[in-house]
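Asker: This is the structure I want to talk about, given as structure tokens.
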Amino acid sequence: MPQKIQQFIILSEKILSETGELRTRRSWNELASVSSQLAPHMVQLSQGFKPKNALLFLLSCGNEGQQKNSLISKVFRKIFSKLPNNETLNILGSISKIDLNGNVLSFLYENGPICSVAAYTAAKLGLKVKSDAFEFFLSAHEWTQDDLINLSFLVYENEKEDLKNKVYNSYKSNPTEANRLFLNILNNASVLQPVVPNGMTIENDETISNKNKTVKHPINSKSQVELSNNNYKYKLTGSSSSGSLFPNNNQPNNKINVPNNTVVPNQNIVSNQNFVPKQQNQQFVQPQKLKQNQQIPQQIVNQPNKEVSTVKTNDNQNQKQSEQQEKGKIINDIKEKISNLDQVSLNLNLSSIDIDKYSSFFKKKPVVISIVATVVFIAVLIVINTTTNDGDNLENISVVKPPKEVKLPDYWVNAVTNKKLTPQYIQADVDYRMGELYLSRNKYNEAVQFFQMALKTEPNHNICKLRWGYTEYLLGHYSVAEKLLLEVVKSDSMLQCANLYLARNYSKENKLDEAEKHFKKEYANYGVLEVGMEYANFLYKIGKQDEAMDFLASLQEKFPDKMLVLDSKTEKFAKKTKTKG
Amino acid sequence: MKKKALTLTEVIIALSVGLAIMVPTSYMFANSNKQLEKSSNLIFAAGLARTIISSMMSNHTIFPQVGNNTFISCCDDSSDNVYFRYLFNLKENCGNLKKGLLKIGKATSPKFYHRIAKYDFRYGITLAQIDESVKSVAVYITWKEFGVNKNYETHAFIVAR
């Protein structure tokens, strides 16, 4: 038996270290097997174990029935002696919603920290309650603002409006502080997560001993109530009411009619007398009126629990302090807003409910607005663009017919080359083409005449000048040709063949260095094979055989599909010059 | 739940972000439309020039007598302007006129006519020839788009058959 208990404790620690839904964890089957063996000793063991272990034991032992349910409710009371941490919440999350509703919500009728813890836990676990039940919760006892905020998380979204109206009607007939605050929270609160009740901290089981735990009452911080897990100071009284969410008879407001559709908790919620607090002996100080507590000083909200902080490490302390400070600021802000609201705002809020539907849209504010505006703008642009696309719109065909003759512009822009084209150029171009026709028939003198005529009309006709220069070269007028070709190269050094003609001309004039320079330039500009071959031949011819062969090799590399050889005339010429030398 | 209204800073930020996105986008839209029109015009001009050259090559006996720097509007389909009819109603102008032959014009091709009229497409042909054996032809297409006078030119040698 002790071995089994030891095994259970080890397994429970193991399963808690695993991730995922409780019943799907790897160690669950093993734990359930050990628990079922310990099931006959359920009562003793569930009281002896730590709350989380006890709950794990009861969940895994598989023994259903009245006795188990009563034990579970006892364990819940143990658990609610302090704020549950994530581990405990995780275990609680694996219990069915019906069981949770029955076990957790009944504590909302009780006064004191246990109610705060139950409200916080219920909000954390995402429990929901029908709107009719809230009237009874609110009338059960005094409520703190934090608890009411947590309570607001239990409302079904679709019943929120209904609840507001109900609370408002209730407030009109019975204007209690709890009703007023709760209504304001429903209308105004923008808290997205449940809030830790004021003065309480979520503690880690590993670092803090359960036996020494103390909880400060949120309203009266001086009234610290000892809630030792192993030594409860509550005294036990008679049986409670059963079959409803109502508190037991010891609760302040015990004359309430329960509607039929109210959530009905488990009948065994407080069936065991040992855990029902007796009002006479209850050691909680009744919460003070909230009006006195409306302006909670920042120090109180931000003050960490000194007793707890002594146990924690410095790092944890700093982290917790900063977290608490942030939470405190948020809570304080909300509290101030709530407390500043008067009766007028209360009525106004009811009329502003419809706005709330759209308010979430504007939460992201500038970015959302920008995106929406941009999308609309682009859509408008598309519409305008499509409607004004003249090419496809037959309605817009009533274009005025252009005049027969128009004054010619100063220039046109060539749509392909973006170069300017003047009317003079077009006129000169006819003469130039006439010159080309004569040149093609080797009638050089006639060609020169036409080239000259063209250049008279348009002196910037570079191609015409180039061809005139070439014609002069063919005629043997090298100096004229040199002058013309130099002009062309000067005005447009990239004009194809300009450097080639100039190089040939220089070669004829025996200006070998100049010729070599322009051959090189022409080849560098366009990389034409024929120009390269002419250059190689030229190099060989002037006695630079090595350079010529190297250049030929580079040409061969560049044009591997061609068989490149030097001109035989060049070689003969080179040999002749060598022998002469 | 009541929510905060937008502050002036938030509104300014929103407007700035919006403008930062809208300005380039609107420019992009306007520019893309322009580019589309420009390339359409160039394609049209090239096609027109090619049509003229090819028609000249196939019917080399009919050559338009275009004076120096005379650019004729492609929209002008009056009887004294043979070129438009020559270009777009080849069969009609090749001497084999048949009754009921469809004429391409404003009524039959409104979109086509619209583009020509809108951008004022004109054409000019220059001819250089020594004798009948070979002719050097240059075709210039001009048009006006977005305030700029544009030009497209093409050359060809037409050899006698």
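Labeling convention for the structure tokens: chains A, B, ... as they appear, residues from 1 per chain, ligands from 1 in order of appearance.
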Which polymer residues have any atom within 10 Å of an atom of A:Gln452, counting only C-alpha atoms, with same-chain residues fewer than 6 positions away left out, as number ranges by chain?
Answerer: A: 428, 431-432, 435, 446, 458-459, 464-465, 468
Asker: Restricted to all heavy atoms, what would the selected residues look like written as a PDB file, in the first residue's frame?
Answerer:
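Printed below is again_26.pdb as written:
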ATOM      1  N   ALA A 428      16.624  65.714 -96.041  1.00  0.00           N
ATOM      2  CA  ALA A 428      18.008  65.368 -96.373  1.00  0.00           C
ATOM      3  C   ALA A 428      18.154  63.881 -96.611  1.00  0.00           C
ATOM      4  O   ALA A 428      19.027  63.438 -97.390  1.00  0.00           O
ATOM      5  CB  ALA A 428      18.936  65.814 -95.248  1.00  0.00           C
ATOM      6  N   ASP A 431      17.990  62.718-100.280  1.00  0.00           N
ATOM      7  CA  ASP A 431      19.248  62.917-101.014  1.00  0.00           C
ATOM      8  C   ASP A 431      20.287  61.894-100.584  1.00  0.00           C
ATOM      9  O   ASP A 431      21.044  61.376-101.421  1.00  0.00           O
ATOM     10  CB  ASP A 431      19.780  64.342-100.775  1.00  0.00           C
ATOM     11  CG  ASP A 431      18.874  65.392-101.395  1.00  0.00           C
ATOM     12  OD1 ASP A 431      18.204  65.052-102.399  1.00  0.00           O
ATOM     13  OD2 ASP A 431      18.800  66.514-100.863  1.00  0.00           O
ATOM     14  N   TYR A 432      20.337  61.636 -99.327  1.00  0.00           N
ATOM     15  CA  TYR A 432      21.300  60.653 -98.808  1.00  0.00           C
ATOM     16  C   TYR A 432      21.068  59.288 -99.443  1.00  0.00           C
ATOM     17  O   TYR A 432      22.009  58.606 -99.875  1.00  0.00           O
ATOM     18  CB  TYR A 432      21.199  60.577 -97.273  1.00  0.00           C
ATOM     19  CG  TYR A 432      21.693  59.270 -96.699  1.00  0.00           C
ATOM     20  CD1 TYR A 432      23.048  58.934 -96.736  1.00  0.00           C
ATOM     21  CD2 TYR A 432      20.805  58.343 -96.139  1.00  0.00           C
ATOM     22  CE1 TYR A 432      23.496  57.725 -96.228  1.00  0.00           C
ATOM     23  CE2 TYR A 432      21.244  57.147 -95.645  1.00  0.00           C
ATOM     24  CZ  TYR A 432      22.586  56.837 -95.695  1.00  0.00           C
ATOM     25  OH  TYR A 432      23.029  55.641 -95.212  1.00  0.00           O
ATOM     26  N   GLY A 435      22.281  59.171-102.868  1.00  0.00           N
ATOM     27  CA  GLY A 435      23.735  58.987-102.824  1.00  0.00           C
ATOM     28  C   GLY A 435      24.089  57.530-102.612  1.00  0.00           C
ATOM     29  O   GLY A 435      25.002  56.975-103.250  1.00  0.00           O
ATOM     30  N   GLU A 446      28.886  61.007-108.355  1.00  0.00           N
ATOM     31  CA  GLU A 446      27.468  61.345-108.211  1.00  0.00           C
ATOM     32  C   GLU A 446      27.010  61.169-106.764  1.00  0.00           C
ATOM     33  O   GLU A 446      26.251  61.994-106.232  1.00  0.00           O
ATOM     34  CB  GLU A 446      26.606  60.472-109.132  1.00  0.00           C
ATOM     35  CG  GLU A 446      26.729  60.779-110.611  1.00  0.00           C
ATOM     36  CD  GLU A 446      27.886  60.015-111.269  1.00  0.00           C
ATOM     37  OE1 GLU A 446      28.791  59.555-110.539  1.00  0.00           O
ATOM     38  OE2 GLU A 446      27.907  59.902-112.504  1.00  0.00           O
ATOM     39  N   GLU A 458      20.797  69.171 -94.009  1.00  0.00           N
ATOM     40  CA  GLU A 458      20.876  68.755 -92.586  1.00  0.00           C
ATOM     41  C   GLU A 458      22.332  68.420 -92.235  1.00  0.00           C
ATOM     42  O   GLU A 458      22.786  67.295 -92.465  1.00  0.00           O
ATOM     43  CB  GLU A 458      19.951  67.539 -92.367  1.00  0.00           C
ATOM     44  CG  GLU A 458      19.991  66.950 -90.982  1.00  0.00           C
ATOM     45  CD  GLU A 458      19.704  67.948 -89.884  1.00  0.00           C
ATOM     46  OE1 GLU A 458      18.597  68.489 -89.847  1.00  0.00           O
ATOM     47  OE2 GLU A 458      20.609  68.202 -89.065  1.00  0.00           O
ATOM     48  N   PRO A 459      23.068  69.393 -91.692  1.00  0.00           N
ATOM     49  CA  PRO A 459      24.498  69.158 -91.425  1.00  0.00           C
ATOM     50  C   PRO A 459      24.751  68.085 -90.368  1.00  0.00           C
ATOM     51  O   PRO A 459      25.858  67.555 -90.271  1.00  0.00           O
ATOM     52  CB  PRO A 459      24.994  70.522 -90.915  1.00  0.00           C
ATOM     53  CG  PRO A 459      23.937  71.495 -91.288  1.00  0.00           C
ATOM     54  CD  PRO A 459      22.653  70.758 -91.347  1.00  0.00           C
ATOM     55  N   CYS A 464      25.159  60.127 -93.245  1.00  0.00           N
ATOM     56  CA  CYS A 464      25.471  60.670 -94.561  1.00  0.00           C
ATOM     57  C   CYS A 464      26.946  61.109 -94.620  1.00  0.00           C
ATOM     58  O   CYS A 464      27.663  60.825 -95.596  1.00  0.00           O
ATOM     59  CB  CYS A 464      24.529  61.847 -94.843  1.00  0.00           C
ATOM     60  SG  CYS A 464      24.770  62.594 -96.445  1.00  0.00           S
ATOM     61  N   LYS A 465      27.374  61.767 -93.565  1.00  0.00           N
ATOM     62  CA  LYS A 465      28.776  62.237 -93.509  1.00  0.00           C
ATOM     63  C   LYS A 465      29.743  61.044 -93.523  1.00  0.00           C
ATOM     64  O   LYS A 465      30.801  61.081 -94.172  1.00  0.00           O
ATOM     65  CB  LYS A 465      28.966  63.072 -92.243  1.00  0.00           C
ATOM     66  CG  LYS A 465      30.152  63.995 -92.307  1.00  0.00           C
ATOM     67  CD  LYS A 465      30.271  64.813 -91.054  1.00  0.00           C
ATOM     68  CE  LYS A 465      29.490  66.106 -91.143  1.00  0.00           C
ATOM     69  NZ  LYS A 465      29.633  66.934 -89.944  1.00  0.00           N
ATOM     70  N   TRP A 468      29.870  59.641 -96.976  1.00  0.00           N
ATOM     71  CA  TRP A 468      30.635  60.573 -97.824  1.00  0.00           C
ATOM     72  C   TRP A 468      32.138  60.371 -97.577  1.00  0.00           C
ATOM     73  O   TRP A 468      32.926  60.250 -98.531  1.00  0.00           O
ATOM     74  CB  TRP A 468      30.200  62.024 -97.516  1.00  0.00           C
ATOM     75  CG  TRP A 468      30.912  63.064 -98.342  1.00  0.00           C
ATOM     76  CD1 TRP A 468      31.581  62.884 -99.514  1.00  0.00           C
ATOM     77  CD2 TRP A 468      31.037  64.458 -98.036  1.00  0.00           C
ATOM     78  NE1 TRP A 468      32.111  64.062 -99.986  1.00  0.00           N
ATOM     79  CE2 TRP A 468      31.781  65.054 -99.094  1.00  0.00           C
ATOM     80  CE3 TRP A 468      30.579  65.281 -96.998  1.00  0.00           C
ATOM     81  CZ2 TRP A 468      32.102  66.429 -99.123  1.00  0.00           C
ATOM     82  CZ3 TRP A 468      30.886  66.637 -97.038  1.00  0.00           C
ATOM     83  CH2 TRP A 468      31.644  67.201 -98.089  1.00  0.00           C
TER      84      TRP A 468
END
Asker: May I have the residues of chain B within 7 Å of chain A, counting only C-alpha atoms, written as JSON, numbers by chain?
Answerer: {"B": [1, 2, 3, 10, 11, 13, 14, 15, 17, 18, 21, 22, 42, 68, 69, 72, 73, 76, 111, 114, 115, 117, 118, 120, 126, 127, 128, 129, 136, 149, 150, 151, 152]}
Asker: Give me the residues within 8 Å of A:Ala39 as a list in words, counting only C-alpha atoms and dropping any in the same chain fewer than 3 places off.
Answerer: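 Counting only C-alpha atoms, the residues come to Ser35, Ser36, Met42, Cys61 and Asn63 of chain A.
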Asker: Provide the atom CA of A:Val117 to atom CA of A:Pro51 distance in Å, to one decimal place.
Answerer: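 Between atom CA of A:Val117 and atom CA of A:Pro51 the gap works out to 14.8 Å.
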Asker: Between B:Ser133, B:Tyr113, B:Gly147, B:Cys74, which residue has the minimum interatomic distance to B:Leu48, considering only C-alpha atoms?
Answerer: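 Residue with the minimum atom-to-atom distance to B:Leu48: B:Cys74.
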